[in-house]
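Q: Input: one structure, supplied below.
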Amino acid sequence: MQTTQPFDMVIFGGTGDLAMRKLLPALYHRHRDGQLAEDGRIICLARDELSREEFLERVRVRLHEYVQAHYVSSEQWEQYARRLDYLRLDAMQIEDFARLAGFLGDDPERVRVFYLSTGPNLFSAICKGLGTGGLVTPGARVVLEKPLGTDLESARRINAEVGAVFEEHQIYRIDHYLGKETVQNLMALRFGNSIVEPLWRRTWVSHVQITVAETLGVGSRGGFYDKAGAMRDMVQNHLLQLLCIVAMEPPASTDPDAIRDEKLKILRSLRPLCGAEVARHSVRGQYRAGAVGGEPVKGYLQEDGIDPDSLTETFVALRAEITNWRWAGTPFYLRTGKRLQESIAEIVLYFRDLPMTLFPSASHEPNRLVIRLQPDEGLRLALLAKQPGDEMRLRPVQLNLAFAETFKARRIEAYERLLTDVIHGRLTLFMRRDELEAAWIWVEPILKAWEASGELPKSYTAGTWGPAASTALISRDGFAWHEEI
Ligand code: NAP
């Protein structure tokens with residue numbers, strides 16, 4: 001494993017939920033695995049008046065919550081804690097950036113990462129502060145957390161404001177789905193195996209399904225979620241990024257721009273959905289009270305921080321078409337929601353039916369490839385095989401590649417990989433400005449058509465697979481949402 005260069009990781013919003021729950025635990029793992037330069041520093045910033053000791057105590061407590069006990073020894077923690085520091089800084093106070101500059105010093109050899117783990121309303125002020133404070137060295141990088149805007153205009157504004165201070169090659173737009181091990185494996189499957197690529201096209205694939213389902217509700221994020229909804233929170237970024245990785249052409253190389261160029265072409269090939277087509281090819285839903293795992297749960301409108309008349313969608317199903325030579329005529333169905341029956345993220349390729357059946361079979365399900373992102377990361381290929389016995393009778397079986405069993409290594413969290421990629425200066429798993437904007441160009445007319453329709457989101461009972469209209473959306477084409485065999 002490669003160790004990073006010396007670095008300063010400066011986390012704005014360093015006392016927030018994301019920093020405590022994901023970023024600092026991820027950096028801890030990387031520290032423990034010996035992947036961080038010995039003198040790499042992690043400096044957390046927020047407005048709270050905290051001494052370094054008080055801050056460290058907070059991190060220590062939360063680390064025990066989010067890192068499995070057998071990975072945390074007091075010796076490892078003490079070493080990790082030496083890297084950590086806390087600095088009080090208000091992003092709105094320009095003079096606070098001069099203090100930060102003094103703290104960081106001016107060693108040109110150190111990689112400087114500014115991780116903006118705050119609301120996007122602060123991105124502009126932070127970038128201005130960094131610019132005028134002279135903190136943006138040639139080796140500096142900025143990491144932007146989602147959401148990057150609520151529509152095309154706001155996304156463009158954020159890009160312009162950040163772009164006024166940082167060059168595009170210094171900007172790392174996070175979509176943590178791209179850091180997941182199975183997404184990397186999807187690339188390995190597609191571009192590292194000669195038998196796969198010829199099948200990966202309209203001729204052999206009847207349709208593709210991408211599902212990211214959660215059993216959780218909005219939890220404590222009600223105030224944020226009610227302004228966003230599933231389309232902005234999940235589809236515009238995570239689901240469209242997964243679609244790009246499944247559908248893109250083989251890149252000419254592993255150069256970040258070679259890969260991102262191919263993803264961009266997919267976003268630009270998505271057939272726009274406008275006007276009446278939106279009603280036909282999309283479903284938005286909102287959960288009502290129900291039960292998840294046998295436990296009764298509230299409806300969305302009864303959750304904390306939610307407007308009781310809210311029209312915000314907690315479920316989206318879409319039928320997308322990619323109008324290029326590889327995929328024309330092969331629909332891509334996207335589905336995501338909260339308070340669904342199971343928490344899963346998977347991509348399923350359904351292969352075309354046989355031209356005729358020779359043998360009796362317990363099932364006539366076509367072959368399919370299931371790429372599981374969570375839980376139980378792995379690949380499963382559903383085939384038909386002969387059932388033992390005298391009769392020539394077929395039944396469904398699976399070729400199962402469970403990554404945990406095959407590789408017997410600790411599962412690397414997406415943020416671990418992404419954080420060290422930033423320090424190493426690897427841009428491949430981060431979204432480029434034009435990708436982000438192309439995704440908004442496709443999503444925005446759907447949001448506008450929903451708003452203009454004046455229709456309520458379709459209600460679904462918490463703990464189910466969403467509104468009945470979602471089943472109808474896919475069954476109109478003669479298909480059904482994937483269920484385990
Ligand atoms: P959070 O818990 O509300 O934390 C916000 C952080 O920003 C706190 O440390 C806060 O500390 C600091 N802050 C607020 N105003 C500030 C100011 N004027 N100057 C300096 N610091 C300021 O939010 P979060 O959940 O960590 O989310 C952070 C970002 O990541 C958001 O954009 C969110 O959408 C995104 N995100 C979060 C998650 C998640 O799981 N939490 C997942 C994906 C994306 P003080 O108030 O003490 O200043």
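Chain identifiers are assigned as A, B, and so on, following the order in which chains appear in the structure tokens; residues are numbered from 1 within each chain, and ligands are numbered from 1 in order of appearance.
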Where in range 420-480 of chain A does DSSP assign alpha helix (DSSP H), given as a CSV table (one decimal) with N, CA and C atoms, in the first residue's frame?

A:
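Contents of out.csv, freshly written:
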chain,number,residue,atom,x,y,z
A,420,THR,N,-8.0,9.3,0.8
A,420,THR,CA,-6.6,9.1,0.4
A,420,THR,C,-6.4,9.4,-1.1
A,421,ASP,N,-7.5,9.2,-1.9
A,421,ASP,CA,-7.4,9.6,-3.3
A,421,ASP,C,-7.1,11.1,-3.4
A,422,VAL,N,-7.8,11.9,-2.6
A,422,VAL,CA,-7.7,13.3,-2.7
A,422,VAL,C,-6.2,13.7,-2.3
A,423,ILE,N,-5.7,13.1,-1.3
A,423,ILE,CA,-4.3,13.4,-0.9
A,423,ILE,C,-3.3,13.0,-2.0
A,424,HIS,N,-3.6,11.8,-2.6
A,424,HIS,CA,-2.7,11.4,-3.7
A,424,HIS,C,-2.9,12.2,-5.0
A,433,ARG,N,-17.1,19.1,-13.2
A,433,ARG,CA,-18.1,20.1,-13.3
A,433,ARG,C,-19.2,19.8,-14.4
A,434,ASP,N,-18.7,19.4,-15.6
A,434,ASP,CA,-19.6,19.2,-16.7
A,434,ASP,C,-20.5,18.0,-16.4
A,435,GLU,N,-20.0,17.0,-15.7
A,435,GLU,CA,-20.9,15.8,-15.4
A,435,GLU,C,-22.0,16.3,-14.5
A,436,LEU,N,-21.6,17.1,-13.4
A,436,LEU,CA,-22.6,17.5,-12.5
A,436,LEU,C,-23.7,18.3,-13.2
A,437,GLU,N,-23.3,19.2,-14.1
A,437,GLU,CA,-24.3,20.0,-14.7
A,437,GLU,C,-25.1,19.2,-15.7
A,438,ALA,N,-24.5,18.2,-16.4
A,438,ALA,CA,-25.3,17.4,-17.3
A,438,ALA,C,-26.4,16.6,-16.5
A,439,ALA,N,-26.0,16.2,-15.3
A,439,ALA,CA,-27.0,15.4,-14.5
A,439,ALA,C,-28.2,16.3,-14.2
A,440,TRP,N,-27.9,17.6,-13.8
A,440,TRP,CA,-29.0,18.5,-13.5
A,440,TRP,C,-29.8,18.8,-14.8
A,441,ILE,N,-29.2,18.8,-15.9
A,441,ILE,CA,-29.9,19.1,-17.1
A,441,ILE,C,-31.0,18.1,-17.4
A,442,TRP,N,-30.7,16.8,-17.0
A,442,TRP,CA,-31.6,15.7,-17.2
A,442,TRP,C,-32.7,15.7,-16.1
A,443,VAL,N,-32.3,16.0,-14.9
A,443,VAL,CA,-33.2,15.9,-13.8
A,443,VAL,C,-34.2,17.0,-13.6
A,444,GLU,N,-33.7,18.2,-14.0
A,444,GLU,CA,-34.5,19.4,-13.7
A,444,GLU,C,-35.9,19.5,-14.4
A,445,PRO,N,-36.0,19.1,-15.6
A,445,PRO,CA,-37.3,19.1,-16.2
A,445,PRO,C,-38.3,18.2,-15.6
A,446,ILE,N,-37.8,17.1,-15.0
A,446,ILE,CA,-38.7,16.1,-14.3
A,446,ILE,C,-39.2,16.8,-13.0
A,447,LEU,N,-38.3,17.4,-12.3
A,447,LEU,CA,-38.8,18.1,-11.1
A,447,LEU,C,-39.8,19.2,-11.4
A,448,LYS,N,-39.5,19.9,-12.5
A,448,LYS,CA,-40.4,21.0,-12.9
A,448,LYS,C,-41.8,20.5,-13.3
A,449,ALA,N,-41.8,19.4,-14.0
A,449,ALA,CA,-43.1,18.8,-14.5
A,449,ALA,C,-43.9,18.3,-13.3
A,450,TRP,N,-43.2,17.7,-12.3
A,450,TRP,CA,-43.9,17.3,-11.1
A,450,TRP,C,-44.5,18.5,-10.4
A,451,GLU,N,-43.8,19.6,-10.3
A,451,GLU,CA,-44.2,20.8,-9.6
A,451,GLU,C,-45.4,21.3,-10.4
A,452,ALA,N,-45.3,21.4,-11.7
A,452,ALA,CA,-46.4,22.0,-12.5
A,452,ALA,C,-47.7,21.2,-12.5
A,453,SER,N,-47.5,19.9,-12.3
A,453,SER,CA,-48.7,19.0,-12.4
A,453,SER,C,-49.7,19.2,-11.2
A,468,ALA,N,-47.8,1.4,-5.8
A,468,ALA,CA,-48.2,0.5,-6.8
A,468,ALA,C,-47.8,1.0,-8.2
A,469,ALA,N,-47.8,2.3,-8.4
A,469,ALA,CA,-47.5,2.8,-9.7
A,469,ALA,C,-46.1,2.5,-10.1
A,470,SER,N,-45.2,2.2,-9.1
A,470,SER,CA,-43.8,1.8,-9.5
A,470,SER,C,-43.8,0.4,-10.1
A,471,THR,N,-44.7,-0.5,-9.6
A,471,THR,CA,-44.8,-1.8,-10.3
A,471,THR,C,-45.4,-1.7,-11.7
A,472,ALA,N,-46.4,-0.7,-11.8
A,472,ALA,CA,-47.0,-0.5,-13.1
A,472,ALA,C,-46.0,0.0,-14.1
A,473,LEU,N,-45.1,0.9,-13.6
A,473,LEU,CA,-44.1,1.6,-14.5
A,473,LEU,C,-43.3,0.6,-15.3
A,474,ILE,N,-42.9,-0.5,-14.5
A,474,ILE,CA,-42.0,-1.5,-15.2
A,474,ILE,C,-42.8,-2.6,-15.8
A,475,SER,N,-44.0,-2.9,-15.3
A,475,SER,CA,-44.7,-4.0,-15.9
A,475,SER,C,-45.3,-3.6,-17.2

Q: Identify, on the basis of only C-alpha atoms, every residue whose closest approach to Ala188 in chain A does not exceed 12 Å; exclude the query and any residue fewer than 6 positions from it along the same chain; express the result as a ChimeraX atom specification.

A: /A:181-182,194,196-197,245-246,250,254,379

Q: Which residues of chain A come within 9 Å of ligand 1, and for each one, what is the closest pair of atoms and their distance in Å to one decimal, counting only C-alpha atoms and all ligand atoms, sorted by chain and residue number, as JSON lines?

A:
{"residue": "A:Ile11", "atom": "CA", "partner": "ligand 1", "partner_atom_place_in_ligand_line": "9 (O)", "distance": 8.9}
{"residue": "A:Phe12", "atom": "CA", "partner": "ligand 1", "partner_atom_place_in_ligand_line": "21 (N)", "distance": 5.9}
{"residue": "A:Gly13", "atom": "CA", "partner": "ligand 1", "partner_atom_place_in_ligand_line": "9 (O)", "distance": 3.3}
{"residue": "A:Gly14", "atom": "CA", "partner": "ligand 1", "partner_atom_place_in_ligand_line": "9 (O)", "distance": 4.8}
{"residue": "A:Thr15", "atom": "CA", "partner": "ligand 1", "partner_atom_place_in_ligand_line": "9 (O)", "distance": 3.8}
{"residue": "A:Gly16", "atom": "CA", "partner": "ligand 1", "partner_atom_place_in_ligand_line": "4 (O)", "distance": 3.3}
{"residue": "A:Asp17", "atom": "CA", "partner": "ligand 1", "partner_atom_place_in_ligand_line": "26 (O)", "distance": 3.7}
{"residue": "A:Leu18", "atom": "CA", "partner": "ligand 1", "partner_atom_place_in_ligand_line": "26 (O)", "distance": 3.7}
{"residue": "A:Ala19", "atom": "CA", "partner": "ligand 1", "partner_atom_place_in_ligand_line": "26 (O)", "distance": 5.8}
{"residue": "A:Met20", "atom": "CA", "partner": "ligand 1", "partner_atom_place_in_ligand_line": "26 (O)", "distance": 7.6}
{"residue": "A:Arg21", "atom": "CA", "partner": "ligand 1", "partner_atom_place_in_ligand_line": "40 (O)", "distance": 7.4}
{"residue": "A:Lys22", "atom": "CA", "partner": "ligand 1", "partner_atom_place_in_ligand_line": "40 (O)", "distance": 7.5}
{"residue": "A:Cys44", "atom": "CA", "partner": "ligand 1", "partner_atom_place_in_ligand_line": "9 (O)", "distance": 8.5}
{"residue": "A:Leu45", "atom": "CA", "partner": "ligand 1", "partner_atom_place_in_ligand_line": "21 (N)", "distance": 6.3}
{"residue": "A:Ala46", "atom": "CA", "partner": "ligand 1", "partner_atom_place_in_ligand_line": "21 (N)", "distance": 3.9}
{"residue": "A:Arg47", "atom": "CA", "partner": "ligand 1", "partner_atom_place_in_ligand_line": "48 (O)", "distance": 3.6}
{"residue": "A:Asp48", "atom": "CA", "partner": "ligand 1", "partner_atom_place_in_ligand_line": "47 (O)", "distance": 4.1}
{"residue": "A:Glu49", "atom": "CA", "partner": "ligand 1", "partner_atom_place_in_ligand_line": "47 (O)", "distance": 7.9}
{"residue": "A:Arg88", "atom": "CA", "partner": "ligand 1", "partner_atom_place_in_ligand_line": "20 (C)", "distance": 7.9}
{"residue": "A:Leu89", "atom": "CA", "partner": "ligand 1", "partner_atom_place_in_ligand_line": "20 (C)", "distance": 5.5}
{"residue": "A:Asp90", "atom": "CA", "partner": "ligand 1", "partner_atom_place_in_ligand_line": "19 (N)", "distance": 3.6}
{"residue": "A:Ala91", "atom": "CA", "partner": "ligand 1", "partner_atom_place_in_ligand_line": "19 (N)", "distance": 3.8}
{"residue": "A:Met92", "atom": "CA", "partner": "ligand 1", "partner_atom_place_in_ligand_line": "18 (N)", "distance": 5.4}
{"residue": "A:Gln93", "atom": "CA", "partner": "ligand 1", "partner_atom_place_in_ligand_line": "18 (N)", "distance": 8.0}
{"residue": "A:Leu116", "atom": "CA", "partner": "ligand 1", "partner_atom_place_in_ligand_line": "29 (C)", "distance": 7.2}
{"residue": "A:Ser117", "atom": "CA", "partner": "ligand 1", "partner_atom_place_in_ligand_line": "29 (C)", "distance": 4.2}
{"residue": "A:Thr118", "atom": "CA", "partner": "ligand 1", "partner_atom_place_in_ligand_line": "28 (C)", "distance": 4.1}
{"residue": "A:Gly119", "atom": "CA", "partner": "ligand 1", "partner_atom_place_in_ligand_line": "32 (O)", "distance": 3.7}
{"residue": "A:Pro120", "atom": "CA", "partner": "ligand 1", "partner_atom_place_in_ligand_line": "32 (O)", "distance": 5.4}
{"residue": "A:Asn121", "atom": "CA", "partner": "ligand 1", "partner_atom_place_in_ligand_line": "32 (O)", "distance": 8.4}
{"residue": "A:Leu122", "atom": "CA", "partner": "ligand 1", "partner_atom_place_in_ligand_line": "18 (N)", "distance": 6.8}
{"residue": "A:Ala125", "atom": "CA", "partner": "ligand 1", "partner_atom_place_in_ligand_line": "18 (N)", "distance": 8.8}
{"residue": "A:Ile126", "atom": "CA", "partner": "ligand 1", "partner_atom_place_in_ligand_line": "19 (N)", "distance": 8.2}
{"residue": "A:Leu144", "atom": "CA", "partner": "ligand 1", "partner_atom_place_in_ligand_line": "32 (O)", "distance": 8.2}
{"residue": "A:Glu145", "atom": "CA", "partner": "ligand 1", "partner_atom_place_in_ligand_line": "30 (O)", "distance": 5.2}
{"residue": "A:Lys146", "atom": "CA", "partner": "ligand 1", "partner_atom_place_in_ligand_line": "44 (C)", "distance": 5.1}
{"residue": "A:Pro147", "atom": "CA", "partner": "ligand 1", "partner_atom_place_in_ligand_line": "34 (O)", "distance": 5.6}
{"residue": "A:Leu148", "atom": "CA", "partner": "ligand 1", "partner_atom_place_in_ligand_line": "32 (O)", "distance": 8.3}
{"residue": "A:Ile174", "atom": "CA", "partner": "ligand 1", "partner_atom_place_in_ligand_line": "44 (C)", "distance": 8.8}
{"residue": "A:Asp175", "atom": "CA", "partner": "ligand 1", "partner_atom_place_in_ligand_line": "43 (C)", "distance": 8.6}
{"residue": "A:His176", "atom": "CA", "partner": "ligand 1", "partner_atom_place_in_ligand_line": "43 (C)", "distance": 8.3}
{"residue": "A:Arg221", "atom": "CA", "partner": "ligand 1", "partner_atom_place_in_ligand_line": "25 (O)", "distance": 8.1}
{"residue": "A:Phe224", "atom": "CA", "partner": "ligand 1", "partner_atom_place_in_ligand_line": "34 (O)", "distance": 7.7}
{"residue": "A:Asp233", "atom": "CA", "partner": "ligand 1", "partner_atom_place_in_ligand_line": "43 (C)", "distance": 8.9}

Q: Could the residues of range 432-460 of chain A that have an atom at most 6 Å from range 275-289 of chain A be listed as a tab-separated table, each with its closest atom pair and the distance in Å to one decimal, counting only C-alpha atoms and ordered by chain and ascending residue number?

A:
residue	atom	partner	partner_atom	distance
A:Pro457	CA	A:Gly285	CA	4.7
A:Lys458	CA	A:Gly285	CA	4.3
A:Ser459	CA	A:Gln286	CA	5.0
A:Tyr460	CA	A:Tyr287	CA	4.8

Q: Taking C-alpha atoms for each residue, export the selection above as an mmCIF file, in the first residue's frame.

A:
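Saved as result06.cif:
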data_model
loop_
_atom_site.group_PDB
_atom_site.id
_atom_site.type_symbol
_atom_site.label_atom_id
_atom_site.label_comp_id
_atom_site.auth_asym_id
_atom_site.auth_seq_id
_atom_site.Cartn_x
_atom_site.Cartn_y
_atom_site.Cartn_z
ATOM 1 C CA PRO A 457 -46.872 12.226 -4.522
ATOM 2 C CA LYS A 458 -48.301 8.694 -4.495
ATOM 3 C CA SER A 459 -48.676 7.451 -0.961
ATOM 4 C CA TYR A 460 -47.083 4.135 0.066
#

Q: For range 348-350 of chain A, work out the shell of residues within 6 Å, counting only C-alpha atoms and skipping chain neighbours fewer than 3 positions away, then give it as a PyMOL selection string.

A: chain A and resi 205-209+368-370

Q: Would you pick out the contacts of Glu38 in chain A at 12 Å or less, using only C-alpha atoms, so that residues sharing its chain but fewer than 2 positions from it are not included, and give the list as a compact mmCIF listing (two decimals) with all heavy atoms, in the first residue's frame?

A:
# COMPACT_ATOMS: atom_id res chain seq x y z
N THR A 3 1.99 4.99 0.83
CA THR A 3 1.78 5.99 1.88
C THR A 3 1.68 7.36 1.23
O THR A 3 2.34 7.62 0.23
CB THR A 3 2.97 5.96 2.86
OG1 THR A 3 3.11 4.63 3.30
CG2 THR A 3 2.75 6.86 4.04
N THR A 4 0.84 8.21 1.80
CA THR A 4 0.65 9.53 1.19
C THR A 4 1.87 10.42 1.39
O THR A 4 2.73 10.14 2.22
CB THR A 4 -0.55 10.26 1.83
OG1 THR A 4 -0.22 10.53 3.20
CG2 THR A 4 -1.83 9.46 1.76
N GLN A 5 1.87 11.52 0.65
CA GLN A 5 2.84 12.59 0.90
C GLN A 5 2.46 13.27 2.22
O GLN A 5 1.31 13.14 2.65
CB GLN A 5 2.67 13.68 -0.17
CG GLN A 5 3.24 13.37 -1.51
CD GLN A 5 2.79 14.48 -2.45
OE1 GLN A 5 1.83 14.29 -3.17
NE2 GLN A 5 3.46 15.63 -2.43
N PRO A 6 3.36 14.07 2.79
CA PRO A 6 2.96 14.87 3.95
C PRO A 6 1.76 15.77 3.57
O PRO A 6 1.70 16.27 2.45
CB PRO A 6 4.18 15.74 4.22
CG PRO A 6 5.32 15.01 3.59
CD PRO A 6 4.76 14.27 2.43
N PHE A 7 0.82 15.89 4.47
CA PHE A 7 -0.41 16.63 4.11
C PHE A 7 -0.99 17.36 5.32
O PHE A 7 -0.71 17.00 6.47
CB PHE A 7 -1.45 15.66 3.55
CG PHE A 7 -1.97 14.68 4.58
CD1 PHE A 7 -3.09 14.97 5.37
CD2 PHE A 7 -1.32 13.47 4.79
CE1 PHE A 7 -3.53 14.07 6.34
CE2 PHE A 7 -1.75 12.58 5.76
CZ PHE A 7 -2.87 12.87 6.54
N ASP A 8 -1.82 18.37 5.01
CA ASP A 8 -2.69 18.98 6.01
C ASP A 8 -4.12 18.79 5.50
O ASP A 8 -4.47 19.34 4.45
CB ASP A 8 -2.40 20.48 6.15
CG ASP A 8 -1.10 20.72 6.89
OD1 ASP A 8 -0.72 19.87 7.71
OD2 ASP A 8 -0.47 21.77 6.64
N ARG A 30 -7.21 4.53 7.90
CA ARG A 30 -6.06 4.71 7.01
C ARG A 30 -4.78 4.90 7.83
O ARG A 30 -3.72 4.43 7.45
CB ARG A 30 -6.28 5.93 6.11
CG ARG A 30 -7.40 5.70 5.11
CD ARG A 30 -6.90 5.10 3.83
NE ARG A 30 -7.56 3.86 3.51
CZ ARG A 30 -7.62 3.36 2.28
NH1 ARG A 30 -7.09 3.98 1.26
NH2 ARG A 30 -8.20 2.19 2.06
N HIS A 31 -4.91 5.60 8.96
CA HIS A 31 -3.76 5.78 9.86
C HIS A 31 -3.31 4.40 10.38
O HIS A 31 -2.14 4.05 10.34
CB HIS A 31 -4.16 6.70 11.02
CG HIS A 31 -3.31 6.54 12.23
ND1 HIS A 31 -2.12 7.22 12.39
CD2 HIS A 31 -3.45 5.75 13.33
CE1 HIS A 31 -1.57 6.86 13.53
NE2 HIS A 31 -2.35 5.97 14.13
N ARG A 32 -4.29 3.65 10.83
CA ARG A 32 -4.01 2.34 11.43
C ARG A 32 -3.37 1.40 10.41
O ARG A 32 -2.53 0.58 10.75
CB ARG A 32 -5.35 1.78 11.94
CG ARG A 32 -5.20 0.63 12.90
CD ARG A 32 -6.54 0.14 13.37
NE ARG A 32 -6.37 -1.17 13.92
CZ ARG A 32 -6.34 -2.28 13.19
NH1 ARG A 32 -6.50 -2.23 11.89
NH2 ARG A 32 -6.14 -3.46 13.78
N ASP A 33 -3.80 1.51 9.14
CA ASP A 33 -3.25 0.67 8.09
C ASP A 33 -1.91 1.20 7.57
O ASP A 33 -1.38 0.67 6.58
CB ASP A 33 -4.24 0.56 6.91
CG ASP A 33 -5.49 -0.22 7.29
OD1 ASP A 33 -5.47 -0.89 8.35
OD2 ASP A 33 -6.49 -0.17 6.54
N GLY A 34 -1.40 2.26 8.19
CA GLY A 34 -0.08 2.79 7.80
C GLY A 34 -0.07 3.50 6.46
O GLY A 34 0.96 3.55 5.80
N GLN A 35 -1.21 4.06 6.07
CA GLN A 35 -1.25 4.69 4.74
C GLN A 35 -1.13 6.20 4.78
O GLN A 35 -1.13 6.84 3.72
CB GLN A 35 -2.55 4.30 4.05
CG GLN A 35 -2.55 2.84 3.71
CD GLN A 35 -3.78 2.46 2.95
OE1 GLN A 35 -4.29 3.23 2.16
NE2 GLN A 35 -4.27 1.28 3.20
N LEU A 36 -1.07 6.78 5.97
CA LEU A 36 -0.94 8.23 6.04
C LEU A 36 0.51 8.58 6.36
O LEU A 36 1.13 7.93 7.21
CB LEU A 36 -1.85 8.79 7.14
CG LEU A 36 -3.36 8.51 6.99
CD1 LEU A 36 -4.13 9.23 8.09
CD2 LEU A 36 -3.87 8.92 5.61
N GLY A 40 1.44 13.70 8.58
CA GLY A 40 0.17 14.21 8.04
C GLY A 40 -0.70 14.73 9.18
O GLY A 40 -0.83 14.06 10.21
N ARG A 41 -1.26 15.93 9.01
CA ARG A 41 -2.08 16.53 10.08
C ARG A 41 -3.54 16.62 9.66
O ARG A 41 -3.84 16.80 8.47
CB ARG A 41 -1.58 17.95 10.38
CG ARG A 41 -0.16 18.01 10.86
CD ARG A 41 0.18 19.40 11.36
NE ARG A 41 0.15 20.42 10.29
CZ ARG A 41 0.40 21.72 10.50
NH1 ARG A 41 0.64 22.16 11.71
NH2 ARG A 41 0.38 22.59 9.50
N ILE A 42 -4.41 16.54 10.64
CA ILE A 42 -5.86 16.67 10.38
C ILE A 42 -6.35 17.81 11.27
O ILE A 42 -6.27 17.71 12.50
CB ILE A 42 -6.59 15.36 10.71
CG1 ILE A 42 -6.01 14.21 9.87
CG2 ILE A 42 -8.10 15.50 10.50
CD1 ILE A 42 -6.33 12.83 10.40
N GLN A 79 -1.69 7.60 19.07
CA GLN A 79 -0.89 7.99 17.89
C GLN A 79 -1.74 8.82 16.92
O GLN A 79 -1.30 9.82 16.40
CB GLN A 79 -0.42 6.75 17.14
CG GLN A 79 0.75 6.08 17.78
CD GLN A 79 1.08 4.78 17.03
OE1 GLN A 79 0.55 4.53 15.94
NE2 GLN A 79 1.92 3.97 17.61
N TYR A 80 -2.99 8.35 16.71
CA TYR A 80 -3.88 9.06 15.78
C TYR A 80 -4.16 10.46 16.32
O TYR A 80 -4.13 11.44 15.56
CB TYR A 80 -5.17 8.25 15.63
CG TYR A 80 -6.19 8.85 14.67
CD1 TYR A 80 -5.85 9.13 13.35
CD2 TYR A 80 -7.50 9.11 15.08
CE1 TYR A 80 -6.79 9.66 12.47
CE2 TYR A 80 -8.44 9.64 14.20
CZ TYR A 80 -8.08 9.91 12.90
OH TYR A 80 -9.00 10.44 12.02
N ARG A 82 -2.41 12.41 17.91
CA ARG A 82 -1.30 13.36 17.71
C ARG A 82 -1.44 14.11 16.39
O ARG A 82 -0.92 15.20 16.22
CB ARG A 82 0.04 12.62 17.73
CG ARG A 82 0.57 12.51 19.15
CD ARG A 82 1.91 11.81 19.19
NE ARG A 82 1.84 10.79 20.21
CZ ARG A 82 2.29 9.56 20.13
NH1 ARG A 82 2.90 9.15 19.05
NH2 ARG A 82 2.15 8.73 21.14
N ARG A 83 -2.14 13.49 15.45
CA ARG A 83 -2.34 14.16 14.15
C ARG A 83 -3.42 15.23 14.22
O ARG A 83 -3.52 16.07 13.34
CB ARG A 83 -2.85 13.15 13.10
CG ARG A 83 -1.94 12.04 12.79
CD ARG A 83 -2.63 11.16 11.76
NE ARG A 83 -1.81 10.01 11.41
CZ ARG A 83 -0.82 10.05 10.51
NH1 ARG A 83 -0.54 11.16 9.86
NH2 ARG A 83 -0.12 8.96 10.26
